[in-house]
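Okay, so here's the structure we're looking at.
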Amino acid sequence: MISERLFGVIGSGTMGGGIAQAAAAAGFVVHTLDTNPDLVKAAYAKIGERLDGRVAKGSLPRHDRDNTMSRLHVAKDMAAFKDCEVVVEAVSEDVALKRKILGRLDAAVTPRTLLGTNTSSLPISKLSEGLNHADRFLGMHFFNPAPVMKLIEVVRGEKTSEQSMVDARAICTALDKTAVKVKDSPGFIGNRVNRPFYLEALHLLETGEADIRTIDSALKTVGGFRMGPFELLDLIGLDINLRVTETVYEGFGKPARFAPNSIQQKLVSEGRHGRKTGCGFYDYSNGEPTPAYETKARGASSWQPGASLKEFAAMLEKPADRAMWIYARIFMAVMNEGALAAESVALPRDVNLTMELGFNYPEGPLATADYVGLDICQRLLADFHTETNGDDRYAPNPLMNRHVAKGELGEKTAHGFLYHAL
Ligand SMILES: NC(=O)c1ccc[n+]([C@@H]2O[C@H](COP(=O)([O-])OP(=O)(O)OC[C@H]3O[C@@H](n4cnc5c(N)ncnc54)[C@H](O)[C@@H]3O)[C@@H](O)[C@H]2O)c1
C-alpha cells in the first residue's frame with residue numbers, strides 16, 4: 001500500500017486556502033486548522049467553487065476535482081498535524097500570534113515534521129526563537145494565488161538545517177512548484193529586488209521626467225511587461241505596497257534607495273489606495289482608467305540619448321528613444337538590486353527565476369543583463385549614477401564589476417551572472 005503524504009496548513013484565509021488547494025491537487029492529504037472549523041469549511045467551499053469553474057470550462061476532469069476535494073480535511077486541533085510531513089503556517093502577519101502558534105505546533109509534531117511559515121516580511125530567525133525543532137523550521141513563501149503561482153521562496157533561518165532545505169525543496173517539487181533558496185533577509189529575494197520597479201518609477205514621476213501613462217507605456221512596450229508600475233501599484237493596493245517598502249527599508253537600516261516615496265505616502269494618507277478604493281494613480285470611476293496624478297514635466301524636450309543607452313538599445317534591437325531611457329532607468333535599478341541580492345542572500349539563478357515566476361517578468365533581470373552584455377550594463381549604470389548625482393540605486397555593483405574585470409561579460413563569453421555554455 002502506498003502511504004499517504006500528509007500536509008498541514010494553519011490559517012485558511014487567502015494564502016492558507018490557496019496552499020491547501022495546491023497541496024490537495026498535488027496528491028497530499030491536507031489538514032487545515034483555523035480558529036473556528038467553519039472558517040476552514042468556508043475556505044474549502046471556495047476551493048470547490050474554483051474547481052467547479054475549471055470543470056465547467058473543460059480544463060479539469062470532474063474526477064480530479066472530486067479527488068482533490070476528498071483530500072481536504074478540517075483539523076480540530078494541533079494533534080491533527082502529528083504525522084504530517086510538513087505544516088505551513090499562514091495566519092495573519094503578526095509576530096506574537098505566529099510565535100504562539102508555532103510554539104504549540106512545535107510541541108505537537110515529531111522532529112521529522114518540517115515547519116514552514118508563509119510570512120512575507122517577518123524574520124525567520126525571530127520566529128524560530130524558543131522552538132525545540134528550530135532546525136526543521138524555515139520560510140515557505142508562496143505567492144498569491146498559491147494554486148497558480150509556480151514559485152516558492154524557501155527561506156533559511158539561522159538554525160535551519162541543510163537537510164530541512166533539501167526536504168523543503170522536495171516538497172515544492174511534489175507541489176509542482178519551483179523552489180528558490182534565500183537566506184533570511186528583508187524582502188527575501190522578490191520583494192527586495194522588485195522595490196526599484198516601483199520606487200524608480202515614482203522617482204521619475206516625482207522629478208518630472210515623465211507622467212504615469214508614459215512610464216507605464218514604456219515598461220510595457222519596451223520591457224514587455226504586462227502592466228506598468230503605476231497600473232500594478234493600483235492593482236496591488238498602494239497601502240499594501242507601501243507597507244512592503246517600509247519593511248524592506250527598515251529591515252536594511254534605512255538606505256536611501258529603499259526610502260518610501262512621498263507621493264505614494266500622500267495618496268495612501270488620502271485614502272487613494274488604487275482600484276479597491278476607485279482611485280490611486282488612475283481614476284476608475286468612469287470605466288476607463290484615467291490618470292489622476294500629474295507632476296509638472298520638465299527636461300524631456302532637450303533630452304538626447306547617451307552613448308551607453310544607444311549601445312543598450314542596439315542590443316535589444318529597439319530605438320534609443322525616451323521610452324527606452326525610462327525602461328532602462330527602471331531596469332538598471334532592478335538589475336543592480338538583483339546583483340546585490342545575488343552576492344549576499346541567494347544564487348544568481350534563483351534571483352532571476354524569482355522575478356520571472358513570482359513577479360511575471362518577461363525575463364529575469366540578470367538574464368537580460370547577460371544578454372545585453374555586462375560591459376554595456378556597467379557603462380550605462382555609471383552614466384545613470386552620474387546623471388542622478390550619485391543616486392545609490394545606480395551605485396556600481398561589485399559583483400558585476402568583478403565579472404567584467406574577469407572578462408565574464410554574459411552570453412557573448414558564455415558566462416556572466418549566469419552560465420550560458422552548453
Ligand atoms: N495575501 C498575500 O498576497 C500573501 C502573499 C504571500 C504571503 N502572505 C502571508 O501569508 C500569511 C497569511 O496571509 P493571508 O493574506 O492569507 O491572511 P488572511 O487574513 O486572509 O488569513 C489569515 C487566517 O489566519 C487565521 N487565524 C488567525 N489567528 C489564528 C489562529 N490563532 N489559529 C489558526 N488560524 C488563525 C484567520 O482566521 C484567517 O483565516 C501572512 O503571513 C502574509 O504575510 C500573504
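Going through the C-alpha cells in order, the chains are called A, B, and so on, while each chain numbers its residues from 1 and the ligands are numbered from 1 in the order shown.
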Contacts of Arg275 in chain A at 10 Å (only C-alpha atoms; same-chain gap of 3+ positions) as a PyMOL selection string: chain A and resi 231-238+272+278-285+289
Hey, can you spit out that residue selection with N, CA and C atoms as a PDB file, in the first residue's frame?
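Listed below is the output, part_21.pdb:
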ATOM      1  N   GLU A 231       0.074  50.987 -12.895  1.00  0.00           N
ATOM      2  CA  GLU A 231      -1.080  50.080 -13.014  1.00  0.00           C
ATOM      3  C   GLU A 231      -0.982  48.985 -11.953  1.00  0.00           C
ATOM      4  N   LEU A 232       0.239  48.491 -11.738  1.00  0.00           N
ATOM      5  CA  LEU A 232       0.426  47.435 -10.737  1.00  0.00           C
ATOM      6  C   LEU A 232       0.215  47.952  -9.318  1.00  0.00           C
ATOM      7  N   LEU A 233       0.730  49.148  -9.053  1.00  0.00           N
ATOM      8  CA  LEU A 233       0.521  49.734  -7.721  1.00  0.00           C
ATOM      9  C   LEU A 233      -0.975  49.844  -7.429  1.00  0.00           C
ATOM     10  N   ASP A 234      -1.741  50.281  -8.423  1.00  0.00           N
ATOM     11  CA  ASP A 234      -3.191  50.406  -8.234  1.00  0.00           C
ATOM     12  C   ASP A 234      -3.845  49.046  -8.023  1.00  0.00           C
ATOM     13  N   LEU A 235      -3.328  48.033  -8.689  1.00  0.00           N
ATOM     14  CA  LEU A 235      -3.918  46.698  -8.567  1.00  0.00           C
ATOM     15  C   LEU A 235      -3.598  46.075  -7.200  1.00  0.00           C
ATOM     16  N   ILE A 236      -2.340  46.154  -6.811  1.00  0.00           N
ATOM     17  CA  ILE A 236      -1.910  45.558  -5.532  1.00  0.00           C
ATOM     18  C   ILE A 236      -2.515  46.320  -4.358  1.00  0.00           C
ATOM     19  N   GLY A 237      -2.620  47.619  -4.510  1.00  0.00           N
ATOM     20  CA  GLY A 237      -3.034  48.500  -3.410  1.00  0.00           C
ATOM     21  C   GLY A 237      -1.816  49.302  -2.969  1.00  0.00           C
ATOM     22  N   LEU A 238      -1.937  50.624  -3.046  1.00  0.00           N
ATOM     23  CA  LEU A 238      -0.807  51.487  -2.692  1.00  0.00           C
ATOM     24  C   LEU A 238      -0.410  51.302  -1.226  1.00  0.00           C
ATOM     25  N   ARG A 272      -6.390  57.101  -1.128  1.00  0.00           N
ATOM     26  CA  ARG A 272      -6.347  56.692  -2.544  1.00  0.00           C
ATOM     27  C   ARG A 272      -5.458  55.449  -2.641  1.00  0.00           C
ATOM     28  N   GLY A 278     -11.293  52.807  -5.867  1.00  0.00           N
ATOM     29  CA  GLY A 278     -11.791  53.532  -7.045  1.00  0.00           C
ATOM     30  C   GLY A 278     -10.800  54.536  -7.606  1.00  0.00           C
ATOM     31  N   CYS A 279      -9.727  54.805  -6.860  1.00  0.00           N
ATOM     32  CA  CYS A 279      -8.743  55.786  -7.330  1.00  0.00           C
ATOM     33  C   CYS A 279      -7.390  55.564  -6.664  1.00  0.00           C
ATOM     34  N   GLY A 280      -6.355  55.685  -7.472  1.00  0.00           N
ATOM     35  CA  GLY A 280      -4.984  55.620  -6.965  1.00  0.00           C
ATOM     36  C   GLY A 280      -4.178  56.541  -7.850  1.00  0.00           C
ATOM     37  N   PHE A 281      -3.292  55.989  -8.654  1.00  0.00           N
ATOM     38  CA  PHE A 281      -2.624  56.807  -9.677  1.00  0.00           C
ATOM     39  C   PHE A 281      -3.567  57.039 -10.846  1.00  0.00           C
ATOM     40  N   TYR A 282      -4.485  56.114 -11.054  1.00  0.00           N
ATOM     41  CA  TYR A 282      -5.535  56.288 -12.059  1.00  0.00           C
ATOM     42  C   TYR A 282      -6.885  56.392 -11.328  1.00  0.00           C
ATOM     43  N   ASP A 283      -7.825  57.023 -12.031  1.00  0.00           N
ATOM     44  CA  ASP A 283      -9.194  57.118 -11.527  1.00  0.00           C
ATOM     45  C   ASP A 283     -10.030  56.083 -12.283  1.00  0.00           C
ATOM     46  N   TYR A 284     -10.771  55.253 -11.534  1.00  0.00           N
ATOM     47  CA  TYR A 284     -11.514  54.168 -12.170  1.00  0.00           C
ATOM     48  C   TYR A 284     -13.024  54.436 -12.179  1.00  0.00           C
ATOM     49  N   SER A 285     -13.416  55.676 -11.837  1.00  0.00           N
ATOM     50  CA  SER A 285     -14.851  55.921 -11.660  1.00  0.00           C
ATOM     51  C   SER A 285     -15.619  55.946 -12.978  1.00  0.00           C
ATOM     52  N   PRO A 289      -9.669  53.601 -17.001  1.00  0.00           N
ATOM     53  CA  PRO A 289      -8.781  54.294 -16.065  1.00  0.00           C
ATOM     54  C   PRO A 289      -8.214  55.579 -16.689  1.00  0.00           C
TER      55      PRO A 289
END
Contacts to ligand 1 at 6 Å cut-off (only C-alpha atoms and all ligand atoms) as a ChimeraX atom specification: /A:10-16,33-35,90-93,118-120,141-144
Range 165-178 of chain A environment, 10 Å, only C-alpha atoms, sequence neighbours closer than 5 positions dropped, as number ranges by chain: A: 7, 19, 22-28, 85-86, 113-116, 135-140, 142, 146-156, 160, 350, 353-354, 357-358
Shell of 9 Å around Met324 in chain A, only C-alpha atoms, local chain residues under 5 positions omitted, as a ChimeraX atom specification: /A:218-219,222-223,309,313,318-319,329
Produce a file of the selected residues containing C-alpha atoms, as a PDB file, in the first residue's frame.
ATOM      1  CA  ALA A 218       7.465  52.368 -21.670  1.00  0.00           C
ATOM      2  CA  LEU A 219       7.602  49.348 -19.379  1.00  0.00           C
ATOM      3  CA  VAL A 222       9.962  48.367 -24.413  1.00  0.00           C
ATOM      4  CA  GLY A 223      10.219  45.993 -21.467  1.00  0.00           C
ATOM      5  CA  LEU A 309      21.935  53.971 -23.862  1.00  0.00           C
ATOM      6  CA  ALA A 313      19.099  49.813 -27.112  1.00  0.00           C
ATOM      7  CA  LYS A 318      14.951  48.872 -30.310  1.00  0.00           C
ATOM      8  CA  PRO A 319      15.265  52.647 -30.807  1.00  0.00           C
ATOM      9  CA  ARG A 329      16.400  53.584 -15.729  1.00  0.00           C
TER      10      ARG A 329
END
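With CA of Arg349 in chain A on one side and CA of Thr247 in chain A on the other, the separation reads 24.8 Å.
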Sel. of helix (DSSP H, G or I) residues, range 165-205 of chain A, as an MDAnalysis selection string: chainID A and resid 165:174 190:193 195:205
Nearest residue to Lys296 in chain A from the set A:Val87, A:Val268, A:Ala328, A:Ile212 (distances using only C-alpha atoms):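 Closest to Lys296 in chain A of all the choices is A:Ile212.
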Within 9 Å of range 43-50 of chain A using only C-alpha atoms, minus same-chain residues under 4 positions, as a list of chain:residue names: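 Here the qualifying residues turn out to be A:Ser12, A:Gly13, A:Thr14, A:Gly16, A:Gly17, A:Gly18, A:Ala20, A:Gln21, A:Asp38, A:Leu39, A:Arg54, A:Val55, A:Arg65, A:Asp66, A:Met69, A:Leu72, A:His73.
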Residues near range 401-414 of chain A, cut-off 9 Å, only C-alpha atoms, skip fewer than 3 positions along chain, as a PyMOL selection string: chain A and resi 367+369-376+378+396-398+417-422
Point-to-point distance from CA of Thr110 in chain A to CA of Asp83 in chain A, Å rounded to tenths: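 Separating CA of Thr110 in chain A from CA of Asp83 in chain A is a distance of 7.2 Å.
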12 Å contact set for Leu340 in chain A, only C-alpha atoms, chain neighbours under 6 positions out, as number ranges by chain: A: 189, 192-193, 333-334, 346-348, 351, 366, 393-401, 417
Export C-alpha atoms of the chosen residues as a tab-separated table (two decimals), in the first residue's frame?
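Saved as part.tsv:
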chain	number	residue	atom	x	y	z
A	189	ILE	CA	14.50	37.87	-2.95
A	192	ARG	CA	13.53	43.25	-2.27
A	193	VAL	CA	14.60	43.09	-5.93
A	333	ALA	CA	17.90	49.84	-10.79
A	334	VAL	CA	16.17	46.44	-10.56
A	346	ALA	CA	20.69	33.91	-3.00
A	347	LEU	CA	22.10	32.25	-6.10
A	348	PRO	CA	22.03	34.42	-9.24
A	351	VAL	CA	17.23	35.75	-8.22
A	366	LEU	CA	20.21	39.06	-14.59
A	393	ARG	CA	20.17	52.83	-6.88
A	394	TYR	CA	22.89	53.13	-9.57
A	395	ALA	CA	25.95	52.71	-7.35
A	396	PRO	CA	28.45	50.45	-9.13
A	397	ASN	CA	27.66	46.91	-8.13
A	398	PRO	CA	30.67	44.87	-7.03
A	399	LEU	CA	29.51	41.52	-8.46
A	400	MET	CA	29.08	42.98	-11.94
A	401	ASN	CA	32.40	44.80	-11.72
A	417	PHE	CA	25.80	36.49	-13.82
